[in-house]
file protein_16.pdb (PDB, C-alpha atoms)
ATOM      1  CA  MET A   1       8.096  14.217  -1.853  1.00  0.00           C
ATOM      2  CA  LYS A   2       9.237  11.926   0.916  1.00  0.00           C
ATOM      3  CA  THR A   3       7.632   8.476   1.055  1.00  0.00           C
ATOM      4  CA  ALA A   4       7.646   5.772   3.718  1.00  0.00           C
ATOM      5  CA  ILE A   5       6.008   2.366   3.874  1.00  0.00           C
ATOM      6  CA  CYS A   6       5.164   0.933   7.298  1.00  0.00           C
ATOM      7  CA  TYR A   7       5.045  -2.840   6.999  1.00  0.00           C
ATOM      8  CA  TYR A   8       4.692  -6.211   8.681  1.00  0.00           C
ATOM      9  CA  SER A   9       6.329  -9.141   6.861  1.00  0.00           C
ATOM     10  CA  ARG A  10       7.032 -12.353   8.716  1.00  0.00           C
ATOM     11  CA  HIS A  11       5.435 -15.534   7.393  1.00  0.00           C
ATOM     12  CA  HIS A  12       7.594 -16.089   4.285  1.00  0.00           C
ATOM     13  CA  GLY A  13       8.851 -12.511   3.858  1.00  0.00           C
ATOM     14  CA  ASN A  14       6.680 -12.032   0.752  1.00  0.00           C
ATOM     15  CA  THR A  15       5.674  -8.469   1.559  1.00  0.00           C
ATOM     16  CA  LEU A  16       9.236  -7.387   2.311  1.00  0.00           C
ATOM     17  CA  LYS A  17      10.413  -8.815  -1.044  1.00  0.00           C
ATOM     18  CA  VAL A  18       7.838  -6.666  -2.850  1.00  0.00           C
ATOM     19  CA  LEU A  19       8.705  -3.564  -0.810  1.00  0.00           C
ATOM     20  CA  GLU A  20      12.426  -3.983  -1.441  1.00  0.00           C
ATOM     21  CA  ALA A  21      11.690  -4.125  -5.189  1.00  0.00           C
ATOM     22  CA  MET A  22       9.664  -0.899  -4.882  1.00  0.00           C
ATOM     23  CA  ALA A  23      12.443   0.735  -2.861  1.00  0.00           C
ATOM     24  CA  GLU A  24      14.976  -0.198  -5.591  1.00  0.00           C
ATOM     25  CA  ALA A  25      12.945   1.759  -8.125  1.00  0.00           C
ATOM     26  CA  ALA A  26      12.048   4.775  -5.974  1.00  0.00           C
ATOM     27  CA  GLU A  27      13.219   6.587  -2.884  1.00  0.00           C
ATOM     28  CA  ILE A  28      11.098   4.895  -0.234  1.00  0.00           C
ATOM     29  CA  ASP A  29      11.948   4.426   3.434  1.00  0.00           C
ATOM     30  CA  LEU A  30      10.793   1.076   4.813  1.00  0.00           C
ATOM     31  CA  ILE A  31       9.637   1.034   8.439  1.00  0.00           C
ATOM     32  CA  ASP A  32       9.146  -2.324  10.177  1.00  0.00           C
ATOM     33  CA  VAL A  33       6.178  -1.805  12.518  1.00  0.00           C
ATOM     34  CA  THR A  34       7.531  -4.427  14.916  1.00  0.00           C
ATOM     35  CA  SER A  35      10.754  -2.499  15.572  1.00  0.00           C
ATOM     36  CA  ARG A  36      10.958  -0.637  18.825  1.00  0.00           C
ATOM     37  CA  MET A  37      11.998   2.588  17.127  1.00  0.00           C
ATOM     38  CA  ALA A  38       9.821   5.636  17.657  1.00  0.00           C
ATOM     39  CA  ALA A  39       7.738   6.560  14.641  1.00  0.00           C
ATOM     40  CA  ARG A  40       8.673   9.816  12.914  1.00  0.00           C
ATOM     41  CA  LEU A  41       5.942   9.823  10.323  1.00  0.00           C
ATOM     42  CA  PRO A  42       5.237  13.587  10.277  1.00  0.00           C
ATOM     43  CA  GLN A  43       8.388  14.072   8.162  1.00  0.00           C
ATOM     44  CA  TYR A  44       6.842  12.087   5.268  1.00  0.00           C
ATOM     45  CA  ASP A  45       4.498  13.453   2.597  1.00  0.00           C
ATOM     46  CA  ARG A  46       3.152  10.019   1.647  1.00  0.00           C
ATOM     47  CA  ILE A  47       2.814   6.991   3.892  1.00  0.00           C
ATOM     48  CA  GLY A  48       2.088   3.480   2.730  1.00  0.00           C
ATOM     49  CA  PHE A  49       0.961   0.544   4.822  1.00  0.00           C
ATOM     50  CA  ALA A  50       1.896  -2.989   3.802  1.00  0.00           C
ATOM     51  CA  SER A  51       1.118  -6.461   5.053  1.00  0.00           C
ATOM     52  CA  GLY A  52       0.488 -10.003   4.043  1.00  0.00           C
ATOM     53  CA  ILE A  53      -3.172 -10.904   4.258  1.00  0.00           C
ATOM     54  CA  TYR A  54      -4.059 -12.930   7.338  1.00  0.00           C
ATOM     55  CA  TYR A  55      -7.564 -14.394   7.447  1.00  0.00           C
ATOM     56  CA  SER A  56      -8.761 -11.882   4.823  1.00  0.00           C
ATOM     57  CA  LYS A  57      -7.292  -8.728   6.396  1.00  0.00           C
ATOM     58  CA  PHE A  58      -4.122  -6.735   6.988  1.00  0.00           C
ATOM     59  CA  HIS A  59      -2.157  -7.881  10.020  1.00  0.00           C
ATOM     60  CA  ASP A  60      -3.463  -6.237  13.201  1.00  0.00           C
ATOM     61  CA  THR A  61      -0.001  -4.849  13.988  1.00  0.00           C
ATOM     62  CA  VAL A  62      -0.104  -2.646  10.864  1.00  0.00           C
ATOM     63  CA  VAL A  63      -3.653  -1.489  11.527  1.00  0.00           C
ATOM     64  CA  HIS A  64      -2.828  -0.556  15.143  1.00  0.00           C
ATOM     65  CA  TYR A  65       0.361   1.194  14.016  1.00  0.00           C
ATOM     66  CA  ALA A  66      -1.622   3.316  11.549  1.00  0.00           C
ATOM     67  CA  ALA A  67      -4.216   4.153  14.196  1.00  0.00           C
ATOM     68  CA  GLN A  68      -1.524   5.193  16.680  1.00  0.00           C
ATOM     69  CA  TYR A  69       1.146   6.920  14.577  1.00  0.00           C
ATOM     70  CA  LEU A  70      -0.364   8.151  11.300  1.00  0.00           C
ATOM     71  CA  PRO A  71      -0.516  11.971  11.309  1.00  0.00           C
ATOM     72  CA  GLU A  72      -3.768  13.630  10.241  1.00  0.00           C
ATOM     73  CA  GLY A  73      -4.246  14.357   6.540  1.00  0.00           C
ATOM     74  CA  LYS A  74      -1.241  12.494   5.063  1.00  0.00           C
ATOM     75  CA  GLU A  75      -1.546  10.884   1.629  1.00  0.00           C
ATOM     76  CA  THR A  76      -1.647   7.102   2.014  1.00  0.00           C
ATOM     77  CA  PHE A  77      -1.569   3.925  -0.058  1.00  0.00           C
ATOM     78  CA  PHE A  78      -1.655   0.192   0.622  1.00  0.00           C
ATOM     79  CA  VAL A  79       0.478  -2.762  -0.458  1.00  0.00           C
ATOM     80  CA  CYS A  80      -0.358  -6.395   0.233  1.00  0.00           C
ATOM     81  CA  THR A  81       0.595  -9.945  -0.658  1.00  0.00           C
ATOM     82  CA  HIS A  82      -1.905 -12.799  -0.491  1.00  0.00           C
ATOM     83  CA  GLY A  83      -2.276 -16.449  -1.410  1.00  0.00           C
ATOM     84  CA  SER A  84      -5.553 -16.060  -3.261  1.00  0.00           C
ATOM     85  CA  THR A  85      -5.954 -15.434  -6.984  1.00  0.00           C
ATOM     86  CA  ALA A  86      -7.927 -12.230  -6.378  1.00  0.00           C
ATOM     87  CA  CYS A  87      -7.587  -9.322  -3.978  1.00  0.00           C
ATOM     88  CA  PRO A  88     -11.073  -8.340  -2.791  1.00  0.00           C
ATOM     89  CA  GLU A  89     -11.761  -4.961  -1.202  1.00  0.00           C
ATOM     90  CA  LYS A  90     -12.478  -6.634   2.147  1.00  0.00           C
ATOM     91  CA  TYR A  91      -8.725  -7.189   2.552  1.00  0.00           C
ATOM     92  CA  TYR A  92      -8.345  -3.417   2.932  1.00  0.00           C
ATOM     93  CA  ALA A  93     -11.346  -2.801   5.227  1.00  0.00           C
ATOM     94  CA  ALA A  94      -9.535  -2.534   8.593  1.00  0.00           C
ATOM     95  CA  ILE A  95      -6.591  -0.457   7.341  1.00  0.00           C
ATOM     96  CA  THR A  96      -8.945   1.783   5.360  1.00  0.00           C
ATOM     97  CA  GLU A  97     -10.976   2.446   8.496  1.00  0.00           C
ATOM     98  CA  ALA A  98      -7.825   3.364  10.469  1.00  0.00           C
ATOM     99  CA  VAL A  99      -6.625   5.723   7.722  1.00  0.00           C
ATOM    100  CA  LYS A 100     -10.019   7.378   7.215  1.00  0.00           C
ATOM    101  CA  ALA A 101     -10.228   8.019  10.971  1.00  0.00           C
ATOM    102  CA  LYS A 102      -7.160  10.253  10.480  1.00  0.00           C
ATOM    103  CA  ASN A 103      -8.754  12.096   7.522  1.00  0.00           C
ATOM    104  CA  CYS A 104      -6.109  10.807   5.134  1.00  0.00           C
ATOM    105  CA  PRO A 105      -6.724  10.411   1.390  1.00  0.00           C
ATOM    106  CA  ILE A 106      -6.010   6.967  -0.052  1.00  0.00           C
ATOM    107  CA  LEU A 107      -4.092   7.227  -3.318  1.00  0.00           C
ATOM    108  CA  GLY A 108      -4.303   3.579  -4.302  1.00  0.00           C
ATOM    109  CA  THR A 109      -3.209   0.006  -3.749  1.00  0.00           C
ATOM    110  CA  PHE A 110      -0.750  -2.556  -5.052  1.00  0.00           C
ATOM    111  CA  SER A 111      -1.114  -6.277  -4.512  1.00  0.00           C
ATOM    112  CA  CYS A 112       0.321  -9.535  -5.734  1.00  0.00           C
ATOM    113  CA  ARG A 113       0.251 -13.163  -4.778  1.00  0.00           C
ATOM    114  CA  GLY A 114       2.593 -14.474  -2.092  1.00  0.00           C
ATOM    115  CA  TYR A 115       3.418 -18.001  -0.968  1.00  0.00           C
ATOM    116  CA  ASP A 116       0.911 -18.812   1.761  1.00  0.00           C
ATOM    117  CA  THR A 117       1.112 -21.686   4.257  1.00  0.00           C
ATOM    118  CA  PHE A 118      -0.784 -19.848   6.986  1.00  0.00           C
ATOM    119  CA  GLY A 119      -3.424 -21.746   8.974  1.00  0.00           C
ATOM    120  CA  PRO A 120      -5.171 -24.522   7.028  1.00  0.00           C
ATOM    121  CA  PHE A 121      -3.136 -23.936   3.843  1.00  0.00           C
ATOM    122  CA  LYS A 122      -0.182 -25.619   5.561  1.00  0.00           C
ATOM    123  CA  LEU A 123      -2.078 -28.920   5.421  1.00  0.00           C
ATOM    124  CA  ILE A 124      -2.162 -28.843   1.610  1.00  0.00           C
ATOM    125  CA  GLY A 125       1.376 -27.560   1.056  1.00  0.00           C
ATOM    126  CA  GLY A 126       0.404 -23.932   0.689  1.00  0.00           C
ATOM    127  CA  MET A 127      -0.925 -21.681  -2.057  1.00  0.00           C
ATOM    128  CA  ALA A 128       0.785 -19.429  -4.603  1.00  0.00           C
ATOM    129  CA  LYS A 129       4.071 -21.333  -4.468  1.00  0.00           C
ATOM    130  CA  GLY A 130       6.914 -19.380  -6.005  1.00  0.00           C
ATOM    131  CA  HIS A 131       5.261 -15.996  -5.458  1.00  0.00           C
ATOM    132  CA  PRO A 132       6.110 -13.229  -5.444  1.00  0.00           C
ATOM    133  CA  ASP A 133       7.902 -14.229  -8.628  1.00  0.00           C
ATOM    134  CA  ALA A 134      10.082 -12.196 -10.999  1.00  0.00           C
ATOM    135  CA  ASP A 135       6.996 -10.817 -12.801  1.00  0.00           C
ATOM    136  CA  ASP A 136       5.397  -9.752  -9.504  1.00  0.00           C
ATOM    137  CA  LEU A 137       8.583  -7.971  -8.446  1.00  0.00           C
ATOM    138  CA  GLN A 138       8.908  -6.280 -11.834  1.00  0.00           C
ATOM    139  CA  ARG A 139       5.314  -5.012 -11.517  1.00  0.00           C
ATOM    140  CA  ALA A 140       6.210  -3.703  -8.043  1.00  0.00           C
ATOM    141  CA  ARG A 141       9.261  -1.883  -9.432  1.00  0.00           C
ATOM    142  CA  GLY A 142       7.114  -0.378 -12.173  1.00  0.00           C
ATOM    143  CA  ALA A 143       4.121   0.613 -10.052  1.00  0.00           C
ATOM    144  CA  ARG A 144       3.313   4.211 -10.935  1.00  0.00           C
ATOM    145  CA  CYS A 145       0.864   6.817  -9.788  1.00  0.00           C
ATOM    146  CA  ARG A 146       0.109   8.802 -12.943  1.00  0.00           C
ATOM    147  CA  PRO A 147      -2.731   6.620 -14.283  1.00  0.00           C
ATOM    148  CA  PHE A 148      -4.291   6.498 -10.840  1.00  0.00           C
ATOM    149  CA  LEU A 149      -4.073  10.257 -10.361  1.00  0.00           C
ATOM    150  CA  PHE A 150      -6.094  10.751 -13.520  1.00  0.00           C
ATOM    151  CA  LEU A 151      -8.712   8.257 -12.321  1.00  0.00           C
ATOM    152  CA  TYR A 152      -8.678   9.810  -8.856  1.00  0.00           C
ATOM    153  CA  SER A 153      -9.226  13.277 -10.330  1.00  0.00           C
ATOM    154  CA  LEU A 154     -12.019  11.940 -12.536  1.00  0.00           C
ATOM    155  CA  TYR A 155     -13.635  10.240  -9.545  1.00  0.00           C
ATOM    156  CA  ARG A 156     -13.557  13.487  -7.582  1.00  0.00           C
ATOM    157  CA  VAL A 157     -15.175  15.322 -10.496  1.00  0.00           C
ATOM    158  CA  LEU A 158     -17.884  12.709 -11.013  1.00  0.00           C
ATOM    159  CA  THR A 159     -18.734  12.594  -7.311  1.00  0.00           C
ATOM    160  CA  GLY A 160     -18.851  16.382  -7.104  1.00  0.00           C
ATOM    161  CA  ILE A 161     -15.933  16.563  -4.692  1.00  0.00           C
ATOM    162  CA  GLN A 162     -13.879  18.738  -7.001  1.00  0.00           C
ATOM    163  CA  PRO A 163     -14.866  21.145  -9.792  1.00  0.00           C
ATOM    164  CA  ILE A 164     -13.767  19.943 -13.234  1.00  0.00           C
ATOM    165  CA  VAL A 165     -11.479  22.912 -13.947  1.00  0.00           C
ATOM    166  CA  GLU A 166      -9.621  22.331 -10.687  1.00  0.00           C
ATOM    167  CA  ALA A 167      -9.316  18.624 -11.513  1.00  0.00           C
ATOM    168  CA  LEU A 168      -7.791  19.331 -14.912  1.00  0.00           C
ATOM    169  CA  LEU A 169      -5.346  21.821 -13.423  1.00  0.00           C
ATOM    170  CA  LEU A 170      -4.437  19.325 -10.700  1.00  0.00           C
ATOM    171  CA  GLN A 171      -3.812  16.586 -13.240  1.00  0.00           C
ATOM    172  CA  GLN A 172      -1.636  18.871 -15.366  1.00  0.00           C
ATOM    173  CA  ALA A 173       0.373  19.992 -12.331  1.00  0.00           C
ATOM    174  CA  LEU A 174       0.913  16.465 -11.036  1.00  0.00           C
ATOM    175  CA  MET A 175       2.310  15.197 -14.307  1.00  0.00           C
ATOM    176  CA  GLY A 176       5.433  17.256 -13.744  1.00  0.00           C
ATOM    177  CA  THR A 177       6.048  16.116 -10.162  1.00  0.00           C
ATOM    178  CA  GLY A 178       7.776  13.111  -8.664  1.00  0.00           C
ATOM    179  CA  LEU A 179       4.453  11.495  -7.807  1.00  0.00           C
ATOM    180  CA  HIS A 180       5.127   8.775 -10.355  1.00  0.00           C
ATOM    181  CA  ASN A 181       6.996   6.835  -7.647  1.00  0.00           C
ATOM    182  CA  LEU A 182       3.842   5.697  -5.863  1.00  0.00           C
ATOM    183  CA  PRO A 183       2.330   2.240  -6.010  1.00  0.00           C
ATOM    184  CA  VAL A 184      -1.274   2.249  -7.213  1.00  0.00           C
ATOM    185  CA  ILE A 185      -4.203   0.032  -8.098  1.00  0.00           C
ATOM    186  CA  ASP A 186      -2.630  -2.806 -10.011  1.00  0.00           C
ATOM    187  CA  ASP A 187      -4.903  -5.855 -10.093  1.00  0.00           C
TER
END

call {"tool": "encode", "arguments": {"input": "protein_16.pdb", "output": "structure tokens"}}
result
Amino acid sequence: MKTAICYYSRHHGNTLKVLEAMAEAAEIDLIDVTSRMAARLPQYDRIGFASGIYYSKFHDTVVHYAAQYLPEGKETFFVCTHGSTACPEKYYAAITEAVKAKNCPILGTFSCRGYDTFGPFKLIGGMAKGHPDADDLQRARGARCRPFLFLYSLYRVLTGIQPIVEALLLQQALMGTGLHNLPVIDD
């Protein structure tokens, strides 16, 4: 399965550092959303969206890119870096809305801290100095989809979206595929 991550990484390059670590461990094409190249996203099976968190949300450039170029029904996931110690769901609200508008399933998320001197944090010397650190990058390299796929299948069963027999067959089938190369919930 072909995977791409569409990203915006400018402030300190935190997000790009994490994505490069992921790309070392798996075959992932990185697409800078600020480049003037035409998007060819239909060729990918899975498409990730990545950004630093700016004022509690993904950068607008990534959200607009998803709204404009994401093909209908593609599997998606999110990656972010942030200065805070936690990664609340509100960080994903805008990008989630853009992806859901295209009827795309969300497979999961990956996040870690990133050095942040944006806005008022500059006045105090920033937050999360030294991040992403070696441990953060190792977690990014090791991000895997198998545990999430089980939870995703279980969620679909519990919410009545998918019959239990189909969920068990899906889980069994996915264990033998290359889906282990996806980043997933990791907080």

call {"tool": "closest_residue", "arguments": {"input": "protein_16.pdb", "among": "A:Thr117, A:Ser111, A:Thr76, A:Ser35", "to": "A:Asp136", "atoms": "all atoms listed in the file"}}
result
A:Ser111

call {"tool": "closest_residue", "arguments": {"input": "protein_16.pdb", "among": "A:Ala26, A:Ala94, A:Val79, A:Ala21", "to": "A:Lys57", "atoms": "only C-alpha atoms"}}
result
A:Ala94

call {"tool": "closest_residue", "arguments": {"input": "protein_16.pdb", "among": "A:Leu70, A:Cys112, A:Cys6, A:Ala98", "to": "A:Ala50", "atoms": "all atoms listed in the file"}}
result
A:Cys6

call {"tool": "atom_distance", "arguments": {"input": "protein_16.pdb", "atom1": "atom CA of A:Tyr54", "atom2": "atom CA of A:Asn14"}}
result
12.6 Å

call {"tool": "closest_residue", "arguments": {"input": "protein_16.pdb", "among": "A:Lys90, A:Tyr44, A:Glu75, A:Gly114", "to": "A:Ser9", "atoms": "all atoms listed in the file"}}
result
A:Gly114

call {"tool": "closest_residue", "arguments": {"input": "protein_16.pdb", "among": "A:Asp32, A:Glu24, A:Glu89, A:Asp135", "to": "A:Gly108", "atoms": "all atoms listed in the file"}}
result
A:Glu89

call {"tool": "atom_distance", "arguments": {"input": "protein_16.pdb", "atom1": "atom CA of A:Pro71", "atom2": "atom CA of A:Pro42"}}
result
6.1 Å

call {"tool": "atom_distance", "arguments": {"input": "protein_16.pdb", "atom1": "atom CA of A:Ile5", "atom2": "atom CA of A:Cys87"}}
result
19.6 Å

call {"tool": "closest_residue", "arguments": {"input": "protein_16.pdb", "among": "A:Asn103, A:Glu97, A:Asp116, A:Tyr7", "to": "A:Val62", "atoms": "all atoms listed in the file"}}
result
A:Tyr7

call {"tool": "residues_near_point", "arguments": {"input": "protein_16.pdb", "point": "(4.6, 4.5, 3.8)", "cutoff": "12 Å", "atoms": "only C-alpha atoms", "output": "PyMOL selection string"}}
result
chain A and resi 1-8+19+22-23+27-33+39-51+62+65-66+69-71+74-79+99+106-107+109+181-183

call {"tool": "residues_around", "arguments": {"input": "protein_16.pdb", "residues": "A:Arg113", "least_positions_apart": "3", "cutoff": "8 Å", "atoms": "all atoms listed in the file", "output": "PyMOL selection string"}}
result
chain A and resi 81-85+128+131-132+136

call {"tool": "decode", "arguments": {"input": "protein_16.pdb", "residues": "stretch 117-144 of chain A", "atoms": "N, CA and C atoms", "output": "compact mmCIF listing (two decimals), in the first residue's frame"}}
result
# COMPACT_ATOMS: atom_id res chain seq x y z
N THR A 117 8.30 28.29 20.15
CA THR A 117 8.50 29.70 20.52
C THR A 117 7.50 30.58 19.78
N PHE A 118 6.38 29.98 19.38
CA PHE A 118 5.37 30.69 18.62
C PHE A 118 4.59 31.64 19.52
N GLY A 119 4.27 32.82 19.02
CA GLY A 119 3.45 33.78 19.75
C GLY A 119 4.04 34.14 21.10
N PRO A 120 3.23 34.06 22.16
CA PRO A 120 3.68 34.50 23.48
C PRO A 120 4.77 33.63 24.10
N PHE A 121 4.94 32.40 23.62
CA PHE A 121 5.96 31.52 24.19
C PHE A 121 7.37 32.04 23.94
N LYS A 122 7.52 32.89 22.93
CA LYS A 122 8.82 33.48 22.62
C LYS A 122 9.30 34.34 23.79
N LEU A 123 8.36 34.99 24.46
CA LEU A 123 8.70 35.88 25.57
C LEU A 123 9.32 35.15 26.75
N ILE A 124 9.02 33.87 26.89
CA ILE A 124 9.55 33.09 28.03
C ILE A 124 10.60 32.07 27.59
N GLY A 125 11.10 32.21 26.37
CA GLY A 125 12.15 31.32 25.89
C GLY A 125 11.66 30.02 25.29
N GLY A 126 10.35 29.90 25.14
CA GLY A 126 9.79 28.74 24.48
C GLY A 126 9.40 27.61 25.43
N MET A 127 8.76 26.62 24.86
CA MET A 127 8.33 25.42 25.59
C MET A 127 8.89 24.20 24.88
N ALA A 128 9.00 23.11 25.61
CA ALA A 128 9.43 21.81 25.07
C ALA A 128 10.80 21.90 24.39
N LYS A 129 11.71 22.61 25.03
CA LYS A 129 13.07 22.73 24.48
C LYS A 129 13.68 21.34 24.30
N GLY A 130 14.37 21.18 23.19
CA GLY A 130 15.02 19.90 22.93
C GLY A 130 14.14 18.84 22.29
N HIS A 131 12.88 19.19 22.03
CA HIS A 131 11.96 18.24 21.41
C HIS A 131 11.71 18.64 19.96
N PRO A 132 11.46 17.68 19.09
CA PRO A 132 11.45 16.26 19.36
C PRO A 132 12.86 15.76 19.68
N ASP A 133 12.94 14.93 20.70
CA ASP A 133 14.23 14.38 21.11
C ASP A 133 14.41 12.97 20.54
N ALA A 134 15.49 12.32 20.91
CA ALA A 134 15.79 10.98 20.38
C ALA A 134 14.66 10.00 20.69
N ASP A 135 14.08 10.09 21.89
CA ASP A 135 12.97 9.18 22.25
C ASP A 135 11.74 9.44 21.38
N ASP A 136 11.44 10.73 21.14
CA ASP A 136 10.30 11.07 20.29
C ASP A 136 10.49 10.50 18.88
N LEU A 137 11.71 10.65 18.36
CA LEU A 137 11.98 10.18 17.00
C LEU A 137 11.96 8.65 16.93
N GLN A 138 12.41 8.01 18.00
CA GLN A 138 12.35 6.54 18.03
C GLN A 138 10.89 6.07 18.06
N ARG A 139 10.05 6.76 18.83
CA ARG A 139 8.61 6.42 18.85
C ARG A 139 8.02 6.61 17.46
N ALA A 140 8.44 7.66 16.77
CA ALA A 140 7.93 7.92 15.41
C ALA A 140 8.36 6.79 14.47
N ARG A 141 9.61 6.36 14.58
CA ARG A 141 10.09 5.25 13.74
C ARG A 141 9.32 3.97 14.03
N GLY A 142 8.92 3.79 15.27
CA GLY A 142 8.26 2.56 15.68
C GLY A 142 6.74 2.62 15.66
N ALA A 143 6.18 3.73 15.23
CA ALA A 143 4.71 3.84 15.20
C ALA A 143 4.15 2.76 14.30
N ARG A 144 3.19 2.00 14.81
CA ARG A 144 2.63 0.88 14.06
C ARG A 144 1.13 0.91 14.10
